[in-house]
Amino acid sequence: SQTIHQWPATLVQPVGSPLSLECTVEGTSNPNLYWYRQAAGRGLQLLFYSVGIGQISSEVPQNLSASRPQDRQFILSSKKLLLSDSGFYLCAWSYGRAYEQYFGPGTRLTVT
Amino acid sequence: KNEVEQSPQNLTAQEGEFITINCSYSVGISALHWLQQHPGGGIVSLFMLSSGKKKHGRLIATINIQEKHSSLHITASHPRDSAVYICAVGTGNQFYFGTGTSLTVIP
């Protein structure tokens, strides 16, 4: 069966510090991968999606970047965090854009 | 105007009540998703549908493509159904999300 892992579960970082969140999927190959953010009191926002290794599409301009160094690994990064980067970050995977998405447990990021 | 609108924003029900959550969207879609987010933050996909109706246990989801409207129904609601229910639509390379409906079911 397929599983999706995210770490860390919670993170408190100072403004200006770098960020690296990792997401890995097991039990499937060549999945579509997604990074979402949910700011406090707001809905989910799609940040990045990837259909294959090294293929990253960004939905909104921001302070963040994503990379997919391996088929089942998706990394969300920032060189310098802003207060506005605080939120709940979710990774998800699917077999394709028109398929059901499966979400990871999420990382709660607080930028202080 | 948001591409996806949900109503109500908040809903409190007595255990056993029939619950309906509505979702309207303004874009052409390839599929509509209903998601459930528990207080800890974890999200579970409940349904993905592009036409008609789907049923899973006490949950029923319907979609009317012509009216650009979907409903999520919960029959015989239970306190464990308390969660935020999110409607999302996929169109081409875009995903749009509603802000969610917070449901509390009181014993």
# chains A, B, ... in the order shown; residues from 1 in each chain; ligands from 1
>>> closest_atom_pairs(of="chain A", to="chain B", cutoff="8 Å", atoms="only C-alpha atoms", output="Markdown table")
| residue | atom | partner | partner_atom | distance |
| --- | --- | --- | --- | --- |
| A:Arg42 | CA | B:Thr99 | CA | 6.1 |
| A:Gly43 | CA | B:Thr99 | CA | 4.2 |
| A:Leu44 | CA | B:Phe97 | CA | 6.0 |
| A:Gln45 | CA | B:Phe97 | CA | 7.2 |
| A:Leu46 | CA | B:Phe95 | CA | 6.8 |
| A:Glu59 | CA | B:Gln94 | CA | 7.7 |
| A:Phe88 | CA | B:Gly41 | CA | 7.9 |
| A:Arg97 | CA | B:Asn93 | CA | 7.5 |
| A:Ala98 | CA | B:Ala31 | CA | 6.6 |
| A:Tyr99 | CA | B:Met48 | CA | 7.6 |
| A:Glu100 | CA | B:Met48 | CA | 6.0 |
| A:Gln101 | CA | B:Ser45 | CA | 6.7 |
| A:Tyr102 | CA | B:Ser45 | CA | 6.5 |
| A:Phe103 | CA | B:Ile43 | CA | 6.0 |
| A:Gly104 | CA | B:Gly42 | CA | 7.2 |
| A:Pro105 | CA | B:Gly42 | CA | 5.1 |
| A:Gly106 | CA | B:Gly42 | CA | 6.6 |
>>> write_last_selection(atoms="all heavy atoms", output="short mmCIF file (atom, residue, chain, number, x, y, z; two decimals), in the first residue's frame")
data_model
loop_
_atom_site.label_atom_id
_atom_site.label_comp_id
_atom_site.auth_asym_id
_atom_site.auth_seq_id
_atom_site.Cartn_x
_atom_site.Cartn_y
_atom_site.Cartn_z
N ARG A 42 -7.41 30.45 6.86
CA ARG A 42 -7.61 30.54 5.40
C ARG A 42 -7.64 29.16 4.78
O ARG A 42 -7.30 28.17 5.41
CB ARG A 42 -6.50 31.39 4.80
CG ARG A 42 -6.42 32.79 5.39
CD ARG A 42 -5.39 33.64 4.70
NE ARG A 42 -5.78 33.95 3.32
CZ ARG A 42 -5.06 34.70 2.51
NH1 ARG A 42 -3.93 35.22 2.93
NH2 ARG A 42 -5.45 34.95 1.28
N GLY A 43 -8.04 29.13 3.53
CA GLY A 43 -8.14 27.86 2.83
C GLY A 43 -6.80 27.37 2.32
O GLY A 43 -5.79 28.05 2.40
N LEU A 44 -6.82 26.17 1.77
CA LEU A 44 -5.62 25.59 1.18
C LEU A 44 -5.22 26.35 -0.07
O LEU A 44 -6.07 26.79 -0.85
CB LEU A 44 -5.88 24.14 0.79
CG LEU A 44 -5.85 23.11 1.93
CD1 LEU A 44 -6.47 21.82 1.46
CD2 LEU A 44 -4.44 22.88 2.40
N GLN A 45 -3.93 26.46 -0.26
CA GLN A 45 -3.40 27.11 -1.46
C GLN A 45 -2.34 26.20 -2.07
O GLN A 45 -1.41 25.78 -1.39
CB GLN A 45 -2.79 28.46 -1.10
CG GLN A 45 -2.21 29.21 -2.29
CD GLN A 45 -1.51 30.49 -1.86
OE1 GLN A 45 -0.84 30.52 -0.83
NE2 GLN A 45 -1.67 31.55 -2.63
N LEU A 46 -2.51 25.87 -3.34
CA LEU A 46 -1.51 25.06 -4.03
C LEU A 46 -0.28 25.91 -4.30
O LEU A 46 -0.37 26.97 -4.90
CB LEU A 46 -2.08 24.51 -5.33
CG LEU A 46 -1.12 23.68 -6.20
CD1 LEU A 46 -0.67 22.42 -5.46
CD2 LEU A 46 -1.77 23.32 -7.52
N GLU A 59 2.49 27.65 -8.71
CA GLU A 59 1.17 28.25 -8.91
C GLU A 59 1.13 29.71 -8.53
O GLU A 59 0.32 30.46 -9.06
CB GLU A 59 0.11 27.47 -8.11
CG GLU A 59 -0.10 26.05 -8.61
CD GLU A 59 -0.64 26.02 -10.03
OE1 GLU A 59 -1.66 26.67 -10.30
OE2 GLU A 59 -0.02 25.36 -10.89
N PHE A 88 0.46 25.93 7.79
CA PHE A 88 0.43 24.46 7.82
C PHE A 88 0.72 24.00 6.40
O PHE A 88 0.00 24.34 5.47
CB PHE A 88 -0.95 24.01 8.30
CG PHE A 88 -1.06 22.55 8.57
CD1 PHE A 88 -0.22 21.91 9.47
CD2 PHE A 88 -2.03 21.79 7.94
CE1 PHE A 88 -0.34 20.56 9.73
CE2 PHE A 88 -2.16 20.43 8.19
CZ PHE A 88 -1.31 19.82 9.09
N ARG A 97 -3.26 14.32 -12.56
CA ARG A 97 -4.02 15.50 -12.17
C ARG A 97 -5.49 15.21 -11.98
O ARG A 97 -6.16 15.85 -11.19
CB ARG A 97 -3.87 16.60 -13.22
CG ARG A 97 -2.55 17.31 -13.24
CD ARG A 97 -2.26 18.04 -11.97
NE ARG A 97 -3.06 19.23 -11.77
CZ ARG A 97 -2.62 20.32 -11.15
NH1 ARG A 97 -1.39 20.36 -10.70
NH2 ARG A 97 -3.41 21.35 -10.98
N ALA A 98 -6.02 14.28 -12.73
CA ALA A 98 -7.46 14.02 -12.66
C ALA A 98 -7.79 12.95 -11.64
O ALA A 98 -8.91 12.43 -11.63
CB ALA A 98 -7.97 13.63 -14.04
N TYR A 99 -6.86 12.59 -10.79
CA TYR A 99 -7.08 11.52 -9.84
C TYR A 99 -7.15 12.06 -8.41
O TYR A 99 -6.71 13.16 -8.11
CB TYR A 99 -5.96 10.47 -9.94
CG TYR A 99 -5.98 9.69 -11.23
CD1 TYR A 99 -5.37 10.19 -12.38
CD2 TYR A 99 -6.63 8.46 -11.31
CE1 TYR A 99 -5.41 9.49 -13.56
CE2 TYR A 99 -6.66 7.75 -12.50
CZ TYR A 99 -6.05 8.27 -13.62
OH TYR A 99 -6.08 7.57 -14.80
N GLU A 100 -7.66 11.22 -7.54
CA GLU A 100 -7.78 11.55 -6.13
C GLU A 100 -6.39 11.84 -5.54
O GLU A 100 -5.41 11.22 -5.93
CB GLU A 100 -8.40 10.37 -5.41
CG GLU A 100 -8.96 10.69 -4.06
CD GLU A 100 -9.93 9.60 -3.59
OE1 GLU A 100 -10.22 8.70 -4.41
OE2 GLU A 100 -10.37 9.67 -2.45
N GLN A 101 -6.36 12.79 -4.61
CA GLN A 101 -5.09 13.13 -3.97
C GLN A 101 -5.05 12.55 -2.57
O GLN A 101 -6.06 12.48 -1.87
CB GLN A 101 -4.93 14.65 -3.89
CG GLN A 101 -4.75 15.29 -5.25
CD GLN A 101 -4.21 16.68 -5.17
OE1 GLN A 101 -3.71 17.14 -4.16
NE2 GLN A 101 -4.29 17.40 -6.28
N TYR A 102 -3.87 12.15 -2.16
CA TYR A 102 -3.64 11.58 -0.84
C TYR A 102 -2.65 12.49 -0.09
O TYR A 102 -1.56 12.77 -0.60
CB TYR A 102 -3.09 10.16 -0.95
CG TYR A 102 -4.01 9.25 -1.72
CD1 TYR A 102 -3.87 9.07 -3.09
CD2 TYR A 102 -5.06 8.59 -1.08
CE1 TYR A 102 -4.73 8.26 -3.81
CE2 TYR A 102 -5.93 7.77 -1.78
CZ TYR A 102 -5.76 7.61 -3.15
OH TYR A 102 -6.63 6.80 -3.84
N PHE A 103 -3.07 12.92 1.07
CA PHE A 103 -2.32 13.94 1.79
C PHE A 103 -1.43 13.35 2.88
O PHE A 103 -1.78 12.37 3.53
CB PHE A 103 -3.29 14.95 2.44
CG PHE A 103 -3.97 15.84 1.44
CD1 PHE A 103 -5.09 15.43 0.76
CD2 PHE A 103 -3.47 17.11 1.18
CE1 PHE A 103 -5.72 16.25 -0.17
CE2 PHE A 103 -4.08 17.95 0.26
CZ PHE A 103 -5.20 17.52 -0.40
N GLY A 104 -0.29 14.00 3.09
CA GLY A 104 0.57 13.68 4.20
C GLY A 104 0.05 14.30 5.49
O GLY A 104 -0.94 15.04 5.46
N PRO A 105 0.71 14.03 6.60
CA PRO A 105 0.23 14.52 7.91
C PRO A 105 0.46 16.01 8.12
O PRO A 105 -0.13 16.60 9.02
CB PRO A 105 1.04 13.70 8.91
CG PRO A 105 2.27 13.32 8.18
CD PRO A 105 1.87 13.14 6.75
N GLY A 106 1.31 16.64 7.33
CA GLY A 106 1.51 18.08 7.41
C GLY A 106 2.63 18.50 8.35
O GLY A 106 3.04 17.75 9.24
#
>>> residues_around(residues="Gln6 in chain A", least_positions_apart="3", cutoff="12 Å", atoms="only C-alpha atoms", output="list of chain:residue names")
A:Thr3, A:Ala9, A:Thr10, A:Ser20, A:Leu21, A:Glu22, A:Cys23, A:Thr24, A:Val25, A:Glu26, A:Trp35, A:Arg72, A:Gln73, A:Phe74, A:Ile75, A:Leu76, A:Phe88, A:Tyr89, A:Leu90, A:Cys91, A:Ala92, A:Trp93, A:Phe103, A:Gly104, A:Pro105, A:Gly106, A:Thr107, A:Arg108, B:Gly42
>>> closest_residue(among="B:Asn10, B:Asn2, B:Thr20, B:Ser102", to="His73 in chain B", atoms="only C-alpha atoms")
B:Thr20
>>> select_by_dssp(residues="chain A", states="strand (DSSP E)", output="PyMOL selection string")
chain A and resi 3-7+10-13+19-26+32-38+44-52+55-58+65-70+73-78+87-94+102-103+107-111
>>> residues_around(residues="Ala83 in chain B", least_positions_apart="5", cutoff="6 Å", atoms="only C-alpha atoms", output="VMD selection string")
chain B and resid 37 to 38 102 to 103
>>> atom_distance(atom1="CA of Ser78 in chain A", atom2="CA of Pro18 in chain A")
5.4 Å
>>> closest_residue(among="A:Ser67, A:Ser57, A:Asn32, A:Gln62", to="Lys80 in chain A", atoms="only C-alpha atoms")
A:Gln62
>>> closest_residue(among="B:Gly52, B:Ser70, B:Val84, B:Thr75", to="Glu17 in chain B", atoms="only C-alpha atoms")
B:Thr75
